[in-house]
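K.L.:
Input structure: start-v4.cif, which contains mmCIF, C-alpha atoms.
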data_my_file
#
loop_
_atom_site.group_PDB
_atom_site.id
_atom_site.type_symbol
_atom_site.label_atom_id
_atom_site.label_comp_id
_atom_site.auth_asym_id
_atom_site.auth_seq_id
_atom_site.Cartn_x
_atom_site.Cartn_y
_atom_site.Cartn_z
ATOM 1 C CA MET A 1 -0.208 21.931 4.855
ATOM 2 C CA CYS A 2 -1.622 19.899 1.981
ATOM 3 C CA SER A 3 -4.068 21.291 -0.544
ATOM 4 C CA ARG A 4 -6.916 19.642 -2.408
ATOM 5 C CA GLU A 5 -5.192 19.897 -5.814
ATOM 6 C CA PRO A 6 -2.605 17.093 -5.378
ATOM 7 C CA ARG A 7 -5.284 14.700 -4.140
ATOM 8 C CA THR A 8 -7.564 15.652 -7.015
ATOM 9 C CA ALA A 9 -4.717 15.090 -9.488
ATOM 10 C CA ARG A 10 -4.109 11.594 -8.149
ATOM 11 C CA VAL A 11 -7.779 10.597 -8.369
ATOM 12 C CA PHE A 12 -7.942 12.173 -11.847
ATOM 13 C CA TRP A 13 -4.957 10.076 -12.938
ATOM 14 C CA LEU A 14 -6.619 6.876 -11.707
ATOM 15 C CA LEU A 15 -9.875 7.735 -13.449
ATOM 16 C CA THR A 16 -7.963 8.530 -16.650
ATOM 17 C CA LEU A 17 -6.359 5.077 -16.566
ATOM 18 C CA ILE A 18 -9.754 3.475 -16.056
ATOM 19 C CA GLN A 19 -11.222 5.450 -18.962
ATOM 20 C CA LEU A 20 -8.380 4.337 -21.227
ATOM 21 C CA ALA A 21 -8.940 0.776 -20.135
ATOM 22 C CA ALA A 22 -12.655 1.008 -20.892
ATOM 23 C CA ALA A 23 -11.815 1.195 -24.595
ATOM 24 C CA ALA A 24 -9.954 -2.111 -24.315
ATOM 25 C CA LYS A 25 -10.298 -5.098 -22.044
ATOM 26 C CA LYS A 26 -11.332 -4.036 -18.546
ATOM 27 C CA PRO A 27 -8.224 -3.980 -16.351
ATOM 28 C CA ASN A 28 -7.563 -5.538 -12.997
ATOM 29 C CA ILE A 29 -6.684 -3.130 -10.193
ATOM 30 C CA LEU A 30 -4.372 -4.064 -7.328
ATOM 31 C CA LEU A 31 -4.257 -1.359 -4.665
ATOM 32 C CA ILE A 32 -1.472 -1.886 -2.125
ATOM 33 C CA PHE A 33 -1.316 0.177 1.058
ATOM 34 C CA ALA A 34 1.472 0.272 3.606
ATOM 35 C CA ASP A 35 0.404 1.371 7.080
ATOM 36 C CA ASP A 36 2.150 4.426 8.572
ATOM 37 C CA LEU A 37 4.954 4.431 5.994
ATOM 38 C CA GLY A 38 7.273 7.389 6.503
ATOM 39 C CA TYR A 39 8.075 9.600 3.526
ATOM 40 C CA ASN A 40 11.774 8.746 3.866
ATOM 41 C CA ASP A 41 11.188 5.030 4.368
ATOM 42 C CA LEU A 42 12.007 3.454 1.011
ATOM 43 C CA ASP A 43 15.518 2.598 -0.082
ATOM 44 C CA TRP A 44 15.676 5.167 -2.870
ATOM 45 C CA ARG A 45 15.267 7.810 -0.170
ATOM 46 C CA ASP A 46 17.279 6.145 2.612
ATOM 47 C CA SER A 47 19.862 3.795 1.086
ATOM 48 C CA ARG A 48 20.327 1.969 4.400
ATOM 49 C CA LEU A 49 16.879 0.404 4.003
ATOM 50 C CA HIS A 50 16.112 -2.609 1.809
ATOM 51 C CA THR A 51 13.152 -2.401 -0.588
ATOM 52 C CA PRO A 52 14.662 -3.549 -3.907
ATOM 53 C CA PHE A 53 11.444 -4.852 -5.447
ATOM 54 C CA LEU A 54 9.448 -1.726 -4.695
ATOM 55 C CA ARG A 55 12.330 0.319 -6.122
ATOM 56 C CA SER A 56 12.323 -1.739 -9.327
ATOM 57 C CA LEU A 57 8.570 -1.218 -9.644
ATOM 58 C CA ALA A 58 8.661 2.493 -8.763
ATOM 59 C CA PHE A 59 11.292 3.247 -11.413
ATOM 60 C CA HIS A 60 10.021 0.850 -14.054
ATOM 61 C CA LYS A 61 9.402 2.169 -17.576
ATOM 62 C CA ASN A 62 5.703 1.379 -17.070
ATOM 63 C CA THR A 63 5.381 3.484 -13.914
ATOM 64 C CA VAL A 64 4.254 7.001 -13.064
ATOM 65 C CA GLN A 65 5.283 8.403 -9.680
ATOM 66 C CA MET A 66 2.976 10.921 -8.007
ATOM 67 C CA ASN A 67 5.382 13.407 -6.419
ATOM 68 C CA ASN A 68 2.665 15.423 -4.711
ATOM 69 C CA SER A 69 0.556 12.630 -3.273
ATOM 70 C CA TYR A 70 -1.307 13.386 -0.062
ATOM 71 C CA ASN A 71 -3.565 11.230 2.044
ATOM 72 C CA PRO A 72 -5.562 13.429 4.403
ATOM 73 C CA ILE A 73 -6.386 12.444 7.947
ATOM 74 C CA GLY A 74 -10.024 12.059 6.831
ATOM 75 C CA PHE A 75 -11.118 10.413 3.581
ATOM 76 C CA ASP A 76 -14.527 12.085 3.423
ATOM 77 C CA ASP A 77 -13.705 14.139 0.321
ATOM 78 C CA TRP A 78 -12.222 11.251 -1.668
ATOM 79 C CA LEU A 79 -14.006 9.845 -4.685
ATOM 80 C CA LEU A 80 -13.108 6.409 -3.392
ATOM 81 C CA SER A 81 -13.664 5.316 0.204
ATOM 82 C CA LEU A 82 -10.888 3.029 1.334
ATOM 83 C CA GLN A 83 -10.931 1.113 4.597
ATOM 84 C CA ASN A 84 -7.907 -0.506 6.203
ATOM 85 C CA TRP A 85 -8.032 -2.615 9.351
ATOM 86 C CA HIS A 86 -8.204 0.407 11.674
ATOM 87 C CA SER A 87 -11.148 2.122 10.024
ATOM 88 C CA ASP A 88 -12.847 -1.239 9.474
ATOM 89 C CA GLN A 89 -12.816 -1.775 13.238
ATOM 90 C CA MET A 90 -14.197 1.713 13.727
ATOM 91 C CA HIS A 91 -17.026 0.923 11.329
ATOM 92 C CA ARG A 92 -17.757 -2.290 13.184
ATOM 93 C CA GLU A 93 -17.875 -0.548 16.559
ATOM 94 C CA SER A 94 -20.249 2.056 15.194
ATOM 95 C CA GLY A 95 -22.453 -0.640 13.696
ATOM 96 C CA LYS A 96 -21.678 0.411 10.130
ATOM 97 C CA LEU A 97 -20.341 -2.398 7.972
ATOM 98 C CA VAL A 98 -18.259 -2.151 4.825
ATOM 99 C CA HIS A 99 -19.785 -4.239 2.063
ATOM 100 C CA GLY A 100 -18.652 -5.052 -1.467
ATOM 101 C CA LEU A 101 -15.498 -6.974 -0.486
ATOM 102 C CA ASP A 102 -15.638 -10.681 -1.316
ATOM 103 C CA LEU A 103 -13.425 -11.719 1.601
ATOM 104 C CA PHE A 104 -15.128 -9.603 4.256
ATOM 105 C CA GLU A 105 -16.552 -12.134 6.668
ATOM 106 C CA GLU A 106 -19.033 -11.589 9.460
ATOM 107 C CA LYS A 107 -21.286 -13.703 11.640
ATOM 108 C CA GLN A 108 -24.171 -11.269 11.453
ATOM 109 C CA GLN A 109 -24.805 -7.547 11.240
ATOM 110 C CA GLY A 110 -22.087 -5.767 13.197
ATOM 111 C CA GLU A 111 -20.433 -8.900 14.558
ATOM 112 C CA SER A 112 -17.300 -10.714 13.379
ATOM 113 C CA LYS A 113 -15.619 -13.927 14.454
ATOM 114 C CA PRO A 114 -11.807 -13.896 14.824
ATOM 115 C CA ASP A 115 -9.853 -16.738 13.238
ATOM 116 C CA PHE A 116 -7.542 -18.041 15.961
ATOM 117 C CA THR A 117 -5.980 -20.707 13.724
ATOM 118 C CA LYS A 118 -3.436 -18.286 12.237
ATOM 119 C CA GLY A 119 -1.390 -17.795 15.394
ATOM 120 C CA GLY A 120 2.347 -17.662 14.808
ATOM 121 C CA ILE A 121 2.055 -16.528 11.178
ATOM 122 C CA TYR A 122 3.551 -13.114 10.476
ATOM 123 C CA SER A 123 0.705 -10.920 9.216
ATOM 124 C CA THR A 124 2.651 -9.659 6.196
ATOM 125 C CA ASP A 125 3.130 -13.254 5.045
ATOM 126 C CA LEU A 126 -0.468 -14.118 5.932
ATOM 127 C CA PHE A 127 -1.920 -11.258 3.894
ATOM 128 C CA SER A 128 0.277 -11.855 0.851
ATOM 129 C CA GLY A 129 -0.400 -15.595 1.029
ATOM 130 C CA LYS A 130 -4.145 -14.988 1.051
ATOM 131 C CA ALA A 131 -3.795 -12.610 -1.900
ATOM 132 C CA ILE A 132 -1.846 -15.229 -3.860
ATOM 133 C CA GLU A 133 -4.403 -17.909 -2.989
ATOM 134 C CA THR A 134 -7.213 -15.647 -4.188
ATOM 135 C CA LEU A 135 -5.428 -14.919 -7.466
ATOM 136 C CA ALA A 136 -4.870 -18.631 -8.047
ATOM 137 C CA GLN A 137 -8.617 -19.264 -7.758
ATOM 138 C CA HIS A 138 -9.750 -16.248 -9.753
ATOM 139 C CA ASN A 139 -11.363 -16.589 -13.169
ATOM 140 C CA LYS A 140 -8.900 -14.837 -15.474
ATOM 141 C CA ASP A 141 -11.722 -13.655 -17.741
ATOM 142 C CA ASP A 142 -13.252 -11.549 -14.962
ATOM 143 C CA PRO A 143 -11.554 -8.257 -14.011
ATOM 144 C CA PHE A 144 -10.879 -7.852 -10.307
ATOM 145 C CA PHE A 145 -10.210 -5.156 -7.741
ATOM 146 C CA MET A 146 -7.949 -6.267 -4.886
ATOM 147 C CA PHE A 147 -7.183 -4.022 -1.910
ATOM 148 C CA LEU A 148 -4.095 -5.398 -0.150
ATOM 149 C CA SER A 149 -3.668 -3.345 3.014
ATOM 150 C CA PHE A 150 -0.678 -4.455 5.072
ATOM 151 C CA GLN A 151 -0.344 -3.877 8.806
ATOM 152 C CA SER A 152 3.327 -3.069 8.255
ATOM 153 C CA VAL A 153 4.928 -0.811 9.230
ATOM 154 C CA HIS A 154 2.456 0.078 11.967
ATOM 155 C CA PRO A 155 3.499 -0.651 15.571
ATOM 156 C CA PRO A 156 3.972 -2.909 17.397
ATOM 157 C CA LEU A 157 7.321 -3.270 15.643
ATOM 158 C CA GLN A 158 7.804 -6.991 15.082
ATOM 159 C CA VAL A 159 9.492 -8.954 12.320
ATOM 160 C CA PRO A 160 11.079 -12.401 11.859
ATOM 161 C CA LYS A 161 14.780 -12.044 12.610
ATOM 162 C CA SER A 162 15.786 -13.259 9.147
ATOM 163 C CA TYR A 163 14.643 -9.976 7.600
ATOM 164 C CA GLU A 164 16.908 -7.959 9.875
ATOM 165 C CA SER A 165 19.883 -9.382 7.962
ATOM 166 C CA HIS A 166 19.198 -6.607 5.424
ATOM 167 C CA CYS A 167 19.412 -3.943 8.120
ATOM 168 C CA THR A 168 22.958 -4.143 9.479
ATOM 169 C CA ALA A 169 23.428 -0.397 8.932
ATOM 170 C CA PHE A 170 21.329 0.066 12.070
ATOM 171 C CA LYS A 171 22.349 -0.944 15.569
ATOM 172 C CA PRO A 172 20.782 -4.164 16.939
ATOM 173 C CA ASN A 173 17.674 -3.879 19.092
ATOM 174 C CA THR A 174 16.827 -0.398 17.831
ATOM 175 C CA LEU A 175 13.434 0.662 16.529
ATOM 176 C CA ARG A 176 14.828 1.706 13.151
ATOM 177 C CA ARG A 177 16.429 -1.702 12.633
ATOM 178 C CA VAL A 178 13.198 -3.605 13.342
ATOM 179 C CA TYR A 179 11.276 -1.101 11.208
ATOM 180 C CA CYS A 180 13.772 -1.735 8.396
ATOM 181 C CA GLY A 181 13.149 -5.468 8.721
ATOM 182 C CA MET A 182 9.396 -4.930 8.494
ATOM 183 C CA LEU A 183 9.921 -2.967 5.276
ATOM 184 C CA ALA A 184 12.102 -5.744 3.872
ATOM 185 C CA ALA A 185 9.417 -8.324 4.707
ATOM 186 C CA MET A 186 6.721 -6.245 3.012
ATOM 187 C CA ASP A 187 8.937 -5.795 -0.055
ATOM 188 C CA VAL A 188 9.333 -9.570 -0.373
ATOM 189 C CA ALA A 189 5.584 -10.060 0.122
ATOM 190 C CA ILE A 190 4.702 -7.599 -2.654
ATOM 191 C CA ALA A 191 7.232 -9.273 -4.953
ATOM 192 C CA ARG A 192 5.501 -12.615 -4.328
ATOM 193 C CA VAL A 193 2.086 -11.189 -5.193
ATOM 194 C CA VAL A 194 3.337 -9.600 -8.436
ATOM 195 C CA LYS A 195 5.057 -12.883 -9.339
ATOM 196 C CA ALA A 196 1.706 -14.630 -8.850
ATOM 197 C CA LEU A 197 0.079 -12.111 -11.201
ATOM 198 C CA LYS A 198 2.654 -12.982 -13.862
ATOM 199 C CA GLN A 199 2.288 -16.724 -13.355
ATOM 200 C CA ARG A 200 -1.487 -16.439 -13.784
ATOM 201 C CA GLY A 201 -1.165 -14.299 -16.898
ATOM 202 C CA LEU A 202 -2.811 -11.351 -15.130
ATOM 203 C CA TYR A 203 0.123 -8.972 -14.832
ATOM 204 C CA ASP A 204 -0.031 -7.197 -18.196
ATOM 205 C CA ASN A 205 -3.652 -6.184 -17.697
ATOM 206 C CA THR A 206 -3.303 -5.134 -14.053
ATOM 207 C CA ILE A 207 -2.930 -1.574 -12.762
ATOM 208 C CA ILE A 208 -0.826 -1.695 -9.588
ATOM 209 C CA ILE A 209 -1.092 1.250 -7.208
ATOM 210 C CA PHE A 210 1.187 1.592 -4.197
ATOM 211 C CA SER A 211 0.674 4.147 -1.426
ATOM 212 C CA SER A 212 0.321 4.620 2.336
ATOM 213 C CA ASP A 213 -2.526 5.791 4.520
ATOM 214 C CA ASN A 214 -0.419 8.611 6.025
ATOM 215 C CA GLY A 215 3.099 9.452 7.149
ATOM 216 C CA GLY A 216 5.087 7.575 9.756
ATOM 217 C CA GLY A 217 5.310 7.874 13.527
ATOM 218 C CA VAL A 218 8.818 9.018 14.452
ATOM 219 C CA ASP A 219 8.568 7.451 17.910
ATOM 220 C CA PHE A 220 8.159 4.058 16.240
ATOM 221 C CA GLY A 221 11.126 3.933 13.882
ATOM 222 C CA ALA A 222 9.775 5.978 10.974
ATOM 223 C CA SER A 223 11.385 8.944 9.221
ATOM 224 C CA ASN A 224 9.550 11.610 7.250
ATOM 225 C CA TRP A 225 12.710 13.592 6.441
ATOM 226 C CA PRO A 226 12.932 16.248 5.045
ATOM 227 C CA LEU A 227 9.270 16.960 5.783
ATOM 228 C CA ARG A 228 7.938 18.553 8.931
ATOM 229 C CA GLY A 229 5.561 16.616 11.154
ATOM 230 C CA GLU A 230 4.497 12.985 11.433
ATOM 231 C CA LYS A 231 1.444 10.760 11.573
ATOM 232 C CA ASP A 232 -1.621 12.432 13.139
ATOM 233 C CA THR A 233 -0.469 15.919 12.130
ATOM 234 C CA LEU A 234 -1.535 18.104 9.222
ATOM 235 C CA TRP A 235 2.068 18.863 8.282
ATOM 236 C CA GLU A 236 3.455 17.217 5.168
ATOM 237 C CA GLY A 237 5.220 14.590 7.274
ATOM 238 C CA GLY A 238 1.793 13.355 8.306
ATOM 239 C CA THR A 239 -0.009 13.573 4.979
ATOM 240 C CA ARG A 240 2.468 13.304 2.092
ATOM 241 C CA THR A 241 2.960 9.753 0.839
ATOM 242 C CA ASN A 242 5.025 7.755 -1.625
ATOM 243 C CA THR A 243 2.576 6.837 -4.369
ATOM 244 C CA PHE A 244 3.036 5.343 -7.810
ATOM 245 C CA PHE A 245 0.949 3.742 -10.556
ATOM 246 C CA HIS A 246 2.354 0.809 -12.527
ATOM 247 C CA SER A 247 0.641 -0.494 -15.645
ATOM 248 C CA PRO A 248 2.376 -2.423 -18.457
ATOM 249 C CA GLN A 249 -0.630 -1.931 -20.732
ATOM 250 C CA PHE A 250 -1.484 1.718 -20.158
ATOM 251 C CA ILE A 251 1.789 3.406 -19.118
ATOM 252 C CA LYS A 252 4.516 3.236 -21.749
ATOM 253 C CA ASN A 253 7.070 5.738 -20.439
ATOM 254 C CA PHE A 254 8.329 6.382 -16.938
ATOM 255 C CA ALA A 255 7.293 9.772 -15.581
ATOM 256 C CA VAL A 256 7.121 11.777 -12.384
ATOM 257 C CA ARG A 257 3.977 13.870 -11.957
ATOM 258 C CA ASN A 258 4.315 17.040 -9.914
ATOM 259 C CA GLU A 259 0.742 18.263 -10.255
#
Render the structure in this file as structure tokens.
P.N.:
Amino acid sequence: MCSREPRTARVFWLLTLIQLAAAAKKPNILLIFADDLGYNDLDWRDSRLHTPFLRSLAFHKNTVQMNNSYNPIGFDDWLLSLQNWHSDQMHRESGKLVHGLDLFEEKQQGESKPDFTKGGIYSTDLFSGKAIETLAQHNKDDPFFMFLSFQSVHPPLQVPKSYESHCTAFKPNTLRRVYCGMLAAMDVAIARVVKALKQRGLYDNTIIIFSSDNGGGVDFGASNWPLRGEKDTLWEGGTRTNTFFHSPQFIKNFAVRNE
């Protein structure tokens, strides 16, 4: 079962980066969340998967990996309150709205209007495309916080067939193969967003954080090996996540933190 210390260490590390940045130009922060990502579901843990860009970022000289990173089932004791699309819906249904996000759109208090013009666009591509569009329009002199919360690899398991070409180690029409394709699609999407940061001259002053909201669901293609448990449990398989911080300006040597 997870303890408070690893979570506190992760928040402390983020706050330390922000304090360092306060002495210089204020940094941008890009927080990227996968949804229901299993602990074993990156290609440096399972070589049959295909996440080459995330691997290059996770093991970059300007990266610190958080080896004891836990996301609890409830976020009430976090210093930061983070909402993905599930909890956002819960807030809407309860009448409580999440404010402070520039792209959060609503008709009126407690009511939103779905955009039905995006049918047929894979959500991973849609989200990354919107992120890139936002970066292209952003004033480079103003620091930003962007929370890019993908639906992948949450069920239903769906992915354009082209991404399954990276997943031939798994039998066709199996959950793990489709799940692998979803990971590959998300990897490409994140690579596109980071490329956009570089093209806009924003990359060097951006802190990139990658994590997941919880562990994966083993009935939907995920693997949390060698941890016990899965999503919706208090075992490490449900709460321990792959988390790293990447910052060209503030991290000069690769490290793995075990605190």
K.L.:
Fewer than 5 positions away in the same chain doesn't count, so skip those; otherwise give me all residues within 12 Å of His50 (chain A), counting all atoms listed in the file, as a CSV table (one decimal) with C-alpha atoms, in the frame of the given file.
P.N.:
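So out_15.csv came out as:
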chain,number,residue,atom,x,y,z
A,41,ASP,CA,11.2,5.0,4.4
A,42,LEU,CA,12.0,3.5,1.0
A,43,ASP,CA,15.5,2.6,-0.1
A,44,TRP,CA,15.7,5.2,-2.9
A,45,ARG,CA,15.3,7.8,-0.2
A,55,ARG,CA,12.3,0.3,-6.1
A,56,SER,CA,12.3,-1.7,-9.3
A,163,TYR,CA,14.6,-10.0,7.6
A,164,GLU,CA,16.9,-8.0,9.9
A,165,SER,CA,19.9,-9.4,8.0
A,166,HIS,CA,19.2,-6.6,5.4
A,167,CYS,CA,19.4,-3.9,8.1
A,168,THR,CA,23.0,-4.1,9.5
A,169,ALA,CA,23.4,-0.4,8.9
A,170,PHE,CA,21.3,0.1,12.1
A,177,ARG,CA,16.4,-1.7,12.6
A,178,VAL,CA,13.2,-3.6,13.3
A,179,TYR,CA,11.3,-1.1,11.2
A,180,CYS,CA,13.8,-1.7,8.4
A,181,GLY,CA,13.1,-5.5,8.7
A,182,MET,CA,9.4,-4.9,8.5
A,183,LEU,CA,9.9,-3.0,5.3
A,184,ALA,CA,12.1,-5.7,3.9
A,185,ALA,CA,9.4,-8.3,4.7
A,186,MET,CA,6.7,-6.2,3.0
A,187,ASP,CA,8.9,-5.8,-0.1
A,188,VAL,CA,9.3,-9.6,-0.4
K.L.:
Evaluate the PyMOL selection byres ((chain A and resi 32) around 7) on the structure here and hand back the selected residues as a list of chain:residue names.
P.N.:
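Checked against the file, the PyMOL selection byres ((chain A and resi 32) around 7) matches A:Leu30, A:Leu31, A:Phe33, A:Ala34, A:Phe147, A:Leu148, A:Ser149, A:Ile209, A:Phe210, A:Ser211.
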K.L.:
Calculate how many Å separate CA of Gln151 (chain A) from CA of Tyr122 (chain A), rounding to one decimal.
P.N.:
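Result for CA of Gln151 (chain A) versus CA of Tyr122 (chain A): 10.2 Å, one decimal.
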K.L.:
Counting all atoms listed in the file, which of A:Leu157, A:Val256, A:Ala131, A:Met66 gets nearest to Val194 (chain A)?
P.N.:
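Checking each of A:Leu157, A:Val256, A:Ala131, A:Met66 against Val194 (chain A), counting all atoms listed in the file, the winner is A:Ala131.
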K.L.:
Tell me, in Å to one decimal, how far CA of Val159 (chain A) is from CA of Asn214 (chain A).
P.N.:
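Pair CA of Val159 (chain A) / CA of Asn214 (chain A) returns 21.1 Å.
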K.L.:
I'd like the neighbourhood of Asn253 (chain A) as a ChimeraX atom specification, where a residue qualifies if any of its atoms comes within 9 Å (using only C-alpha atoms), though same-chain residues fewer than 5 positions away should be ignored.
P.N.:
/A:60-64
K.L.:
Which residues come within 10 Å of Gln137 (chain A), counting all atoms listed in the file, excluding same-chain residues fewer than 4 positions away, as a list in words?
P.N.:
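Within the cut-off, the hits are Ile132, Glu133 and Arg200 of chain A.
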K.L.:
Keeping only C-alpha atoms, write the selected residues as a short mmCIF file (atom, residue, chain, number, x, y, z; two decimals), keeping the file's coordinate frame.
P.N.:
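Written output follows (out.cif):
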data_model
loop_
_atom_site.label_atom_id
_atom_site.label_comp_id
_atom_site.auth_asym_id
_atom_site.auth_seq_id
_atom_site.Cartn_x
_atom_site.Cartn_y
_atom_site.Cartn_z
CA ILE A 132 -1.85 -15.23 -3.86
CA GLU A 133 -4.40 -17.91 -2.99
CA ARG A 200 -1.49 -16.44 -13.78
#
